[in-house]
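Structure below is data_5.cif: mmCIF, C-alpha atoms.
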data_upload
loop_
_atom_site.label_atom_id
_atom_site.label_comp_id
_atom_site.auth_asym_id
_atom_site.auth_seq_id
_atom_site.Cartn_x
_atom_site.Cartn_y
_atom_site.Cartn_z
CA MET E 1205 378.89 0.36 182.18
CA CYS E 1206 381.61 -2.26 181.95
CA GLU E 1207 383.96 -1.69 184.85
CA GLU E 1208 386.99 -2.97 183.00
CA CYS E 1209 386.90 -1.17 179.67
CA GLY E 1210 384.03 1.28 179.94
CA CYS E 1211 382.39 -0.09 176.83
CA GLY E 1212 378.86 0.43 178.04
CA GLU E 1213 378.09 -3.24 178.69
CA SER E 1214 376.77 -4.49 182.00
CA SER E 1215 379.15 -5.60 184.74
CA SER E 1216 378.74 -9.22 183.68
CA VAL E 1217 380.69 -8.41 180.53
CA LYS E 1218 384.42 -8.49 181.02
CA LYS E 1219 387.20 -7.48 178.74
CA ASN E 1220 389.69 -10.19 177.99
CA ASP E 1221 392.75 -9.43 175.84
CA ASN E 1222 390.95 -7.01 173.53
CA LYS E 1223 388.07 -9.45 173.25
CA HIS E 1224 384.83 -9.40 175.11
CA SER E 1225 383.30 -12.30 176.91
CA MET E 1226 380.04 -12.26 178.73
CA ILE E 1227 379.68 -14.46 181.78
CA VAL E 1228 376.20 -15.96 181.74
CA ASN E 1229 376.12 -18.84 184.27
CA ARG E 1230 372.61 -20.00 183.53
CA SER E 1231 371.49 -23.60 183.64
CA VAL E 1232 370.41 -24.81 180.22
CA THR E 1233 367.67 -26.79 181.95
CA GLU E 1234 366.39 -23.85 184.01
CA ALA E 1235 363.02 -23.49 182.23
CA ASN E 1236 362.22 -27.16 182.81
CA ASP E 1237 363.54 -27.08 186.38
CA LEU E 1238 361.50 -24.02 187.29
CA LEU E 1239 358.29 -25.62 186.09
CA ALA E 1240 359.23 -28.87 187.84
CA GLN E 1241 359.53 -26.93 191.09
CA GLN E 1242 356.11 -25.36 190.50
CA ASN E 1243 354.63 -28.83 189.95
CA LEU E 1244 356.28 -30.05 193.11
CA ASP E 1245 355.08 -27.09 195.18
CA PHE E 1246 351.52 -27.59 193.91
CA LEU E 1247 351.58 -31.28 194.84
CA SER E 1248 353.29 -30.72 198.19
CA GLU E 1249 350.67 -28.20 199.18
CA LYS E 1250 348.03 -30.84 198.56
CA LYS E 1251 350.09 -33.49 200.40
CA ILE E 1252 350.31 -35.61 197.26
CA LEU E 1253 353.43 -37.75 197.04
CA SER E 1254 354.79 -37.46 193.51
CA ILE E 1255 356.69 -40.44 192.13
CA ASN E 1256 358.73 -40.59 188.95
CA LEU E 1257 358.48 -44.25 187.95
CA MET E 1258 361.18 -45.21 185.48
CA GLY E 1259 362.44 -48.36 183.84
CA ALA E 1260 363.03 -50.07 180.52
CA PRO E 1261 360.11 -50.91 178.23
CA GLY E 1262 358.56 -54.14 179.49
CA SER E 1263 360.29 -54.01 182.88
CA GLY E 1264 356.95 -54.09 184.69
CA LYS E 1265 356.18 -50.47 185.55
CA THR E 1266 352.44 -50.75 184.93
CA THR E 1267 352.33 -54.12 186.67
CA PHE E 1268 354.02 -52.45 189.63
CA ILE E 1269 351.25 -49.83 189.79
CA GLU E 1270 348.59 -52.54 189.56
CA GLY E 1271 350.37 -54.52 192.27
CA ILE E 1272 350.71 -51.70 194.80
CA CYS E 1273 347.11 -50.59 194.21
CA ASN E 1274 346.03 -53.85 195.85
CA TYR E 1275 347.42 -52.31 199.04
CA LEU E 1276 346.97 -48.59 198.48
CA LYS E 1277 343.42 -47.49 197.86
CA PRO E 1278 343.01 -47.06 194.08
CA ALA E 1279 340.89 -43.96 194.79
CA ASP E 1280 343.96 -42.37 196.46
CA VAL E 1281 346.11 -42.84 193.37
CA VAL E 1282 346.31 -40.92 190.12
CA VAL E 1283 348.65 -42.02 187.35
CA ILE E 1284 350.15 -40.05 184.50
CA GLN E 1285 351.23 -42.44 181.77
CA GLY E 1286 353.99 -41.59 179.33
CA ASP E 1287 354.27 -43.58 176.13
CA LEU E 1288 355.27 -42.70 172.60
CA GLU E 1289 351.90 -43.88 171.30
CA SER E 1290 348.71 -45.65 172.42
CA ASP E 1291 346.57 -45.60 175.56
CA ILE E 1292 346.98 -49.29 176.34
CA ASP E 1293 348.34 -48.72 179.85
CA LYS E 1294 345.73 -46.08 180.66
CA ARG E 1295 342.94 -48.50 179.81
CA ARG E 1296 344.70 -51.25 181.73
CA LEU E 1297 344.76 -49.15 184.91
CA GLU E 1298 341.23 -47.85 184.46
CA ALA E 1299 340.07 -51.47 184.51
CA HIS E 1300 341.32 -51.45 188.11
CA LYS E 1301 339.48 -48.17 188.79
CA ILE E 1302 342.76 -46.25 188.94
CA GLN E 1303 342.43 -42.75 187.52
CA SER E 1304 344.86 -42.42 184.64
CA TYR E 1305 345.96 -39.71 182.24
CA GLN E 1306 347.78 -40.59 179.04
CA ILE E 1307 350.57 -38.52 177.52
CA ASN E 1308 351.79 -39.56 174.08
CA THR E 1309 355.21 -38.09 173.42
CA HIS E 1310 355.29 -39.42 169.80
CA SER E 1311 359.05 -39.14 169.26
CA GLY E 1312 359.96 -37.83 172.74
CA CYS E 1313 362.13 -40.12 174.82
CA HIS E 1314 361.05 -38.82 178.25
CA LEU E 1315 358.40 -36.73 179.99
CA THR E 1316 359.08 -33.08 180.77
CA SER E 1317 357.85 -30.79 183.52
CA ALA E 1318 355.70 -28.90 180.98
CA MET E 1319 353.87 -32.12 180.07
CA ILE E 1320 353.21 -32.86 183.75
CA ASN E 1321 352.13 -29.27 184.34
CA LYS E 1322 349.53 -29.53 181.60
CA ALA E 1323 348.32 -32.86 182.96
CA LEU E 1324 347.93 -31.35 186.44
CA LEU E 1325 345.84 -28.55 184.98
CA ASP E 1326 343.60 -31.09 183.24
CA LEU E 1327 343.26 -33.47 186.19
CA ASP E 1328 341.34 -33.11 189.41
CA VAL E 1329 343.85 -34.35 191.98
CA SER E 1330 342.30 -32.70 195.01
CA LYS E 1331 341.41 -35.96 196.80
CA LYS E 1332 344.51 -37.91 195.82
CA LYS E 1333 347.42 -38.98 197.98
CA TYR E 1334 349.78 -40.39 195.38
CA LEU E 1335 350.69 -39.22 191.90
CA ILE E 1336 352.57 -41.90 190.02
CA ILE E 1337 354.18 -40.63 186.85
CA GLU E 1338 355.04 -43.61 184.69
CA ASN E 1339 357.78 -42.22 182.50
CA VAL E 1340 358.51 -43.37 178.96
CA GLY E 1341 360.22 -46.77 179.01
CA ASN E 1342 363.87 -45.82 178.77
CA LEU E 1343 366.95 -46.27 180.95
CA VAL E 1344 368.80 -43.19 179.72
CA CYS E 1345 366.92 -39.96 179.09
CA PRO E 1346 364.42 -39.74 182.00
CA ALA E 1347 367.32 -39.85 184.48
CA ASN E 1348 368.26 -36.25 183.70
CA VAL E 1349 364.93 -34.52 183.65
CA ASN E 1350 363.12 -33.14 186.68
CA ILE E 1351 359.38 -33.34 186.28
CA GLY E 1352 358.29 -32.38 189.78
CA GLN E 1353 358.81 -35.60 191.73
CA HIS E 1354 359.43 -36.16 195.40
CA LEU E 1355 361.16 -39.43 194.68
CA ASN E 1356 362.35 -41.68 191.89
CA ILE E 1357 361.56 -45.37 191.60
CA VAL E 1358 363.30 -47.59 189.08
CA VAL E 1359 361.75 -50.89 188.04
CA SER E 1360 364.40 -53.28 186.78
CA SER E 1361 363.48 -56.86 185.92
CA THR E 1362 365.57 -59.97 186.39
CA VAL E 1363 365.11 -60.91 182.73
CA GLU E 1364 366.81 -57.72 181.59
CA GLY E 1365 370.01 -59.16 183.00
CA THR E 1366 372.45 -58.71 185.84
CA ASP E 1367 374.38 -56.01 184.04
CA LYS E 1368 371.78 -53.22 184.03
CA PRO E 1369 373.31 -51.19 186.91
CA GLN E 1370 376.70 -51.43 185.23
CA LYS E 1371 375.38 -50.42 181.83
CA TYR E 1372 372.93 -47.70 182.91
CA PRO E 1373 374.26 -46.33 186.22
CA TYR E 1374 372.68 -42.86 185.93
CA ILE E 1375 369.07 -44.03 186.13
CA PHE E 1376 369.84 -45.84 189.40
CA MET E 1377 371.88 -43.03 190.94
CA ASP E 1378 369.00 -40.93 192.31
CA ALA E 1379 366.46 -43.67 192.97
CA SER E 1380 364.94 -43.96 196.44
CA LEU E 1381 363.57 -47.39 195.61
CA ILE E 1382 364.69 -50.00 193.12
CA VAL E 1383 362.13 -52.67 192.32
CA LEU E 1384 363.64 -55.92 191.13
CA SER E 1385 360.67 -57.23 189.18
CA LYS E 1386 359.88 -60.63 187.63
CA TYR E 1387 361.76 -62.14 190.53
CA ASP E 1388 360.01 -65.47 189.93
CA LEU E 1389 362.00 -65.71 186.69
CA ALA E 1390 365.41 -65.15 188.30
CA ASP E 1391 366.24 -68.83 188.48
CA LYS E 1392 365.09 -69.41 184.89
CA THR E 1393 367.62 -66.92 183.56
CA ASP E 1394 371.29 -66.44 184.33
CA PHE E 1395 370.50 -63.56 186.69
CA HIS E 1396 373.13 -63.23 189.43
CA GLU E 1397 371.50 -61.45 192.33
CA GLU E 1398 374.65 -61.07 194.41
CA GLN E 1399 376.48 -59.34 191.56
CA TYR E 1400 373.47 -57.14 190.78
CA VAL E 1401 373.12 -55.99 194.38
CA ARG E 1402 376.85 -55.35 194.70
CA ASP E 1403 376.92 -53.23 191.51
CA LEU E 1404 373.84 -51.33 192.62
CA HIS E 1405 375.35 -50.66 196.01
CA HIS E 1406 378.41 -49.04 194.46
CA ILE E 1407 376.19 -46.66 192.47
CA ASN E 1408 373.54 -45.91 195.07
CA ALA E 1409 373.95 -47.39 198.52
CA LYS E 1410 370.98 -45.50 199.94
CA ALA E 1411 368.22 -46.88 197.72
CA ALA E 1412 365.87 -49.51 199.10
CA LEU E 1413 365.64 -52.70 197.05
CA LEU E 1414 362.43 -54.70 196.90
CA LYS E 1415 361.68 -57.85 194.91
CA THR E 1416 358.35 -58.31 193.18
CA SER E 1417 356.63 -60.92 191.07
CA SER E 1418 353.34 -60.58 189.26
CA LYS E 1419 352.66 -64.18 190.34
CA ASP E 1420 352.80 -63.18 193.99
CA ALA E 1421 350.42 -60.33 194.87
CA LEU E 1422 351.84 -60.07 198.38
CA SER E 1423 355.29 -59.20 197.00
CA PHE E 1424 353.98 -55.70 196.21
CA LYS E 1425 352.91 -54.94 199.75
CA PRO E 1426 356.36 -53.77 200.97
CA ALA E 1427 356.47 -51.27 198.08
CA ALA E 1428 353.01 -49.95 198.98
CA ASP E 1429 354.14 -49.68 202.61
CA PHE E 1430 357.28 -47.87 201.46
CA LEU E 1431 355.21 -45.23 199.62
CA ASP E 1432 352.81 -44.91 202.52
CA HIS E 1433 355.73 -44.37 204.89
CA GLN E 1434 357.43 -41.89 202.53
CA ARG E 1435 354.26 -39.83 202.26
CA ASP E 1436 353.71 -39.84 206.02
CA HIS E 1437 357.32 -38.88 206.63
CA LEU E 1438 357.41 -36.15 203.98
CA PHE E 1439 354.22 -34.47 205.11
CA SER E 1440 354.60 -35.31 208.83
CA ILE E 1441 351.35 -37.23 208.87
CA HIS E 1442 350.53 -39.15 212.06
CA HIS E 1443 347.83 -41.82 212.17
CA THR E 1444 345.67 -42.98 215.00
CA HIS E 1445 344.45 -46.04 213.10
CA SER E 1446 345.51 -48.09 210.10
CA ARG E 1447 344.10 -47.02 206.75
CA LYS E 1448 345.50 -49.80 204.67
CA LYS E 1449 343.55 -52.40 202.83
CA MET E 1450 344.46 -55.88 204.03
CA MET R 1367 368.48 -38.72 171.39
CA HIS R 1368 367.43 -36.15 174.01
CA GLU R 1369 370.38 -33.93 173.07
CA LEU R 1370 368.43 -32.32 170.22
CA ALA R 1371 365.91 -30.69 172.56
CA ILE R 1372 368.53 -29.59 175.06
CA THR R 1373 370.69 -28.12 172.27
CA GLN R 1374 367.65 -26.18 171.04
CA ASN R 1375 367.22 -24.87 174.59
CA LEU R 1376 370.87 -23.85 174.66
CA ILE R 1377 370.59 -21.99 171.34
CA ALA R 1378 367.42 -20.20 172.47
CA MET R 1379 369.23 -19.13 175.64
CA VAL R 1380 372.28 -17.90 173.71
CA ASP R 1381 369.98 -16.01 171.35
CA ALA R 1382 368.19 -14.30 174.25
CA GLU R 1383 371.44 -13.38 176.01
CA CYS R 1384 372.96 -11.98 172.80
CA LYS R 1385 369.87 -9.85 172.18
CA LYS R 1386 369.87 -8.64 175.76
CA HIS R 1387 373.52 -7.62 175.60
CA GLN R 1388 373.52 -6.57 171.93
CA ILE R 1389 376.10 -9.11 170.84
CA LEU R 1390 375.78 -9.40 167.08
CA THR R 1391 378.48 -11.88 166.17
CA PRO R 1392 379.41 -14.23 169.00
CA THR R 1393 382.46 -16.31 168.20
CA ARG R 1394 382.49 -18.82 171.01
CA ILE R 1395 379.87 -20.30 173.31
CA VAL R 1396 381.23 -21.96 176.44
CA VAL R 1397 379.20 -24.52 178.38
CA ASP R 1398 379.94 -26.72 181.38
CA LEU R 1399 378.63 -30.25 181.18
CA GLY R 1400 378.66 -32.42 184.30
CA PHE R 1401 380.10 -35.92 184.40
CA PHE R 1402 376.91 -37.34 185.93
CA THR R 1403 374.54 -36.06 183.23
CA THR R 1404 373.47 -38.40 180.46
CA TYR R 1405 373.99 -35.80 177.76
CA SER R 1406 376.55 -36.83 175.18
CA LYS R 1407 379.09 -34.15 174.33
CA ASP R 1408 379.47 -35.46 170.77
CA SER R 1409 375.71 -35.44 170.18
CA ILE R 1410 375.36 -31.89 171.47
CA LEU R 1411 378.14 -30.75 169.13
CA PHE R 1412 376.55 -32.67 166.26
CA TYR R 1413 373.14 -31.03 166.76
CA TYR R 1414 374.65 -27.62 167.47
CA ASN R 1415 376.53 -27.64 164.17
CA ILE R 1416 373.34 -28.52 162.30
CA LEU R 1417 371.11 -26.06 164.14
CA ARG R 1418 373.46 -23.11 163.89
CA LYS R 1419 373.27 -23.24 160.09
CA ASP R 1420 369.76 -21.81 160.46
CA SER R 1421 370.92 -19.10 162.82
CA PRO R 1422 372.60 -16.01 161.32
CA LEU R 1423 373.65 -15.09 164.85
CA LEU R 1424 375.60 -18.29 165.46
CA ARG R 1425 377.20 -18.69 162.06
CA LYS R 1426 380.66 -17.89 163.43
CA ALA R 1427 380.14 -19.18 166.95
CA ARG R 1428 382.04 -22.30 167.94
CA LEU R 1429 380.68 -24.36 170.83
CA GLN R 1430 383.16 -25.25 173.56
CA ILE R 1431 382.01 -27.93 175.99
CA ASN R 1432 383.98 -28.25 179.22
CA THR R 1433 383.41 -31.44 181.17
CA VAL R 1434 382.85 -30.86 184.88
CA ASN R 1435 384.20 -33.60 187.11
CA GLY R 1436 381.88 -35.63 189.25
CA LYS R 1437 382.70 -34.80 192.85
CA ILE R 1438 381.37 -36.43 196.01
CA ARG R 1439 381.76 -35.77 199.75
CA CYS R 1440 381.97 -38.63 202.18
CA LEU R 1441 379.37 -38.22 204.91
CA ASP R 1442 381.47 -40.35 207.27
CA CYS R 1443 384.98 -38.86 206.96
CA HIS R 1444 384.12 -35.69 204.94
CA HIS R 1445 386.81 -36.41 202.35
CA GLU R 1446 386.03 -35.15 198.85
CA THR R 1447 386.61 -37.49 195.92
CA ILE R 1448 386.63 -36.93 192.17
CA VAL R 1449 384.63 -39.81 190.70
CA LYS R 1450 386.33 -41.36 187.70
CA ASP R 1451 383.95 -44.27 187.30
CA PRO R 1452 380.16 -43.81 187.58
CA HIS R 1453 379.90 -47.40 188.84
CA MET R 1454 382.08 -46.72 191.87
CA ILE R 1455 380.59 -43.83 193.77
CA LEU R 1456 382.46 -44.29 197.01
CA CYS R 1457 384.90 -42.42 199.19
CA GLN R 1458 388.47 -42.78 197.98
CA LYS R 1459 389.81 -42.44 201.51
CA CYS R 1460 387.62 -44.63 203.73
CA HIS R 1461 385.67 -46.49 200.97
CA SER R 1462 382.36 -45.52 202.53
CA LEU R 1463 379.30 -45.61 200.27
CA ASN R 1464 377.61 -43.00 202.44
CA VAL R 1465 378.34 -40.08 200.14
CA GLN R 1466 376.74 -36.97 198.76
CA ILE R 1467 377.13 -35.79 195.16
CA LEU R 1468 378.55 -32.25 195.16
CA GLN R 1469 379.21 -31.61 191.52
CA GLY R 1470 378.71 -33.12 188.09
CA ARG R 1471 374.99 -32.82 187.40
CA GLU R 1472 375.14 -29.40 185.79
CA PHE R 1473 374.66 -28.20 182.24
CA ILE R 1474 375.49 -24.51 182.36
CA LEU R 1475 375.79 -21.82 179.73
CA LYS R 1476 378.93 -20.21 181.14
CA GLU R 1477 380.10 -17.64 178.69
CA ILE R 1478 379.48 -16.03 175.33
CA CYS R 1479 382.63 -14.70 173.70
CA ASN R 1480 382.68 -11.99 171.12
CA GLY R 1481 385.81 -11.44 169.10
CA ASP R 1482 388.28 -14.31 169.46
#
Once you've parsed the file, please lay out its structure as C-alpha cells.
Amino acid sequence: MCEECGCGESSSVKKNDNKHSMIVNRSVTEANDLLAQQNLDFLSEKKILSINLMGAPGSGKTTFIEGICNYLKPADVVVIQGDLESDIDKRRLEAHKIQSYQINTHSGCHLTSAMINKALLDLDVSKKKYLIIENVGNLVCPANVNIGQHLNIVVSSTVEGTDKPQKYPYIFMDASLIVLSKYDLADKTDFHEEQYVRDLHHINAKAALLKTSSKDALSFKPAADFLDHQRDHLFSIHHTHSRKKM
Amino acid sequence: MHELAITQNLIAMVDAECKKHQILTPTRIVVDLGFFTTYSKDSILFYYNILRKDSPLLRKARLQINTVNGKIRCLDCHHETIVKDPHMILCQKCHSLNVQILQGREFILKEICNGD
C-alpha cells in the first residue's frame, strides 16, 4: 500500500499534490545492456577478447582487420561484420582465411547486443582468441550501444579530415585505441596531425593512437601487439615463448 | 536516426510499467537524458509524438526530457567538473586530462505521472 496516501499502490508510487507519480528509475537501454553483459560474460569465460571496431564508411576498418591478421594468427580471429547490405567484407576476409559472419542490418544504423548474441549462437568460437565486431560504418550511433565488447577501437582516416574529433567527439570518447589510417595520404591532403592529436587528447587522453597505411604492412604490427597485450592483461595470461607470426 | 528504436523501447517500458501499476491514463512521462549520449532530444520527442498516436494509453501523456549534465572527476586532484563542451573533457581546476566520467551517459525512465 502507498505509504503516503494509502491508495493501494506500491511504495514506489508517491502522492504529489493530489496527483500520483510513479518513480520508475529504469534505464531505457536495459534490455540491450543486459544482453551485452551476457555476451561479454560468455566471451570472457572463453578468454576471447571482444573488440567493437567502429569508424566511418570507407575509413579502413576491414583493411585494419586484414592488416592485423598478418601478425595475429587468422585462425585465432573471428569477425562479425555489420553492414546495411551485402557480404562483400565477409568474402574479402574469408579470402584471407579469417572466419567471418555477416549481419545485414538493412536500415539499422548500428549493431545491437541481440544481433551479436544470435551470431554467437550460430558461430563456433571455442578455439578463438579475438572476436572483432566490425560495426556499421557510422560515427554517431554505434557510440551509444553496448554490444558486449571489452574495448572499443575507432578507425579514423587522414582523408576524412582533421576535424573528425571535433565533429564527432562521442565515438572517440570511450575508445581504447584510435587508428589513424591512410597515413600515407596525410601529406596529399590538408590533414593537420598536430591539431588532430590535440583535439583527440581533449576528448580522450587515455586512448592509444597508432598510424597505419595499407601500403605498409608493418604499420599494423603495433595494433596487433596492442590487442595481444590487451588480451594477455585482461585474462592474466603469461607466456613462456612468443606465439606471434613474424 | 537511432532515436526511433530507442523511443519504441521507451514506450514499451512505459506500457509495461503502467500495466504493472494499473495506470490507465498517464499524463506525463519523465526521462533523464545524459549530455554524453548521442540521442537527440528533438528526435525523441518527434518520434514519441508520432508513436503515441497508435497508443490509447499514451494519448494524453506528454514526454518531458530532462538533460543530465556531463560530470567528470579529476583523478589527479579529485575536483568534480560539469562539462559544458564535449570537446574539452578536462578538469576545470588543475586542467588535467586524467579524468573519469561520473554522469551523463544515462537514458532513464524516471517517472510516470498520472493526473497533472
Item to check | Ground truth for the PyMOL selection byres ((chain E) within 6 of (chain R)), written as a PyMOL selection string | outcome: chain E and resi 1223-1232+1406-1407+1409
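Interatomic distance, CA of Leu1411 in chain R against CA of Ile1431 in chain R: 8.4 Å.
One finds CA of Phe1430 in chain E at 21.0 Å from CA of Thr1362 in chain E.
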Item to check | Ground truth for the PyMOL selection byres ((chain E and resi 1289) around 8), written as a VMD selection string | outcome: chain E and resid 1287 to 1288 1290 to 1291 1308 to 1310
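Applied to the file shown here, the PyMOL selection byres ((chain E and resi 1371) around 12) selects the residues E:Leu1343, E:Val1344, E:Glu1364, E:Gly1365, E:Thr1366, E:Asp1367, E:Lys1368, E:Pro1369, E:Gln1370, E:Tyr1372, E:Pro1373, E:Tyr1374, E:Ile1375, E:Phe1376, E:Tyr1400, E:Asp1403, E:Leu1404, E:Ile1407, R:Asp1451, R:Pro1452, R:His1453.
The two atoms in question, CA of Leu1335 in chain E and CA of Glu1270 in chain E, are spaced 13.7 Å apart.
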Next on the checklist: When you look at Gln1466 in chain R with a cut-off of 9 Å (counting all atoms listed in the file), what residues show up, excluding the ones that are within fewer than 5 positions of it in the same chain? I need them as a list of chain:residue names.
Outcome noted: R:Lys1437, R:Ile1438, R:Arg1439, R:Cys1440, R:Leu1441
Keeping only C-alpha atoms, write those residues as an mmCIF file, keeping the file's coordinate frame.
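Ended up saving to again.cif:
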data_model
loop_
_atom_site.group_PDB
_atom_site.id
_atom_site.type_symbol
_atom_site.label_atom_id
_atom_site.label_comp_id
_atom_site.auth_asym_id
_atom_site.auth_seq_id
_atom_site.Cartn_x
_atom_site.Cartn_y
_atom_site.Cartn_z
ATOM 1 C CA LYS R 1437 382.700 -34.800 192.850
ATOM 2 C CA ILE R 1438 381.370 -36.430 196.010
ATOM 3 C CA ARG R 1439 381.760 -35.770 199.750
ATOM 4 C CA CYS R 1440 381.970 -38.630 202.180
ATOM 5 C CA LEU R 1441 379.370 -38.220 204.910
#
Next on the checklist: I'd like the contact shell of Glu1249 in chain E - 12 Å cut-off, all atoms listed in the file, skipping same-chain residues fewer than 5 positions apart - returned as number ranges by chain.
Outcome noted: E: 1242-1244, 1254, 1329-1330, 1332-1333, 1438-1439
May I have the selected residues written with C-alpha atoms, as an mmCIF file, in the frame of the given file?
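Done, and the output landed in result-v6.cif:
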data_model
loop_
_atom_site.group_PDB
_atom_site.id
_atom_site.type_symbol
_atom_site.label_atom_id
_atom_site.label_comp_id
_atom_site.auth_asym_id
_atom_site.auth_seq_id
_atom_site.Cartn_x
_atom_site.Cartn_y
_atom_site.Cartn_z
ATOM 1 C CA GLN E 1242 356.110 -25.360 190.500
ATOM 2 C CA ASN E 1243 354.630 -28.830 189.950
ATOM 3 C CA LEU E 1244 356.280 -30.050 193.110
ATOM 4 C CA SER E 1254 354.790 -37.460 193.510
ATOM 5 C CA VAL E 1329 343.850 -34.350 191.980
ATOM 6 C CA SER E 1330 342.300 -32.700 195.010
ATOM 7 C CA LYS E 1332 344.510 -37.910 195.820
ATOM 8 C CA LYS E 1333 347.420 -38.980 197.980
ATOM 9 C CA LEU E 1438 357.410 -36.150 203.980
ATOM 10 C CA PHE E 1439 354.220 -34.470 205.110
#
Put a box with edges along x, y and z around all the listed atoms of range 1249-1264 of chain E, pad it by 3 Å on each side, then give me its centre and sizes in Å, one decimal, as JSON.
{"center_x": 355.5, "center_y": -41.2, "center_z": 189.3, "size_x": 21.0, "size_y": 31.9, "size_z": 28.2}
Checklist entry - Neighbours of Gly1352 in chain E within 9 Å (all atoms listed in the file; same-chain residues fewer than 3 positions away dropped), as number ranges by chain? => result E: 1237, 1239-1245, 1247, 1254-1256, 1317, 1320-1321
Checklist entry - Do you know which residues are at most 9 Å from Asp1429 in chain E counting all atoms listed in the file, after dropping those on the same chain fewer than 5 positions away, and could you put them as a PyMOL selection string? => result chain E and resi 1272+1275-1276+1424+1434+1448
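Between Leu1381 in chain E and the residues E:His1354, E:Arg1402, E:Lys1322, E:Arg1296, the shortest atom-to-atom distance, using all atoms listed in the file, involves E:His1354.
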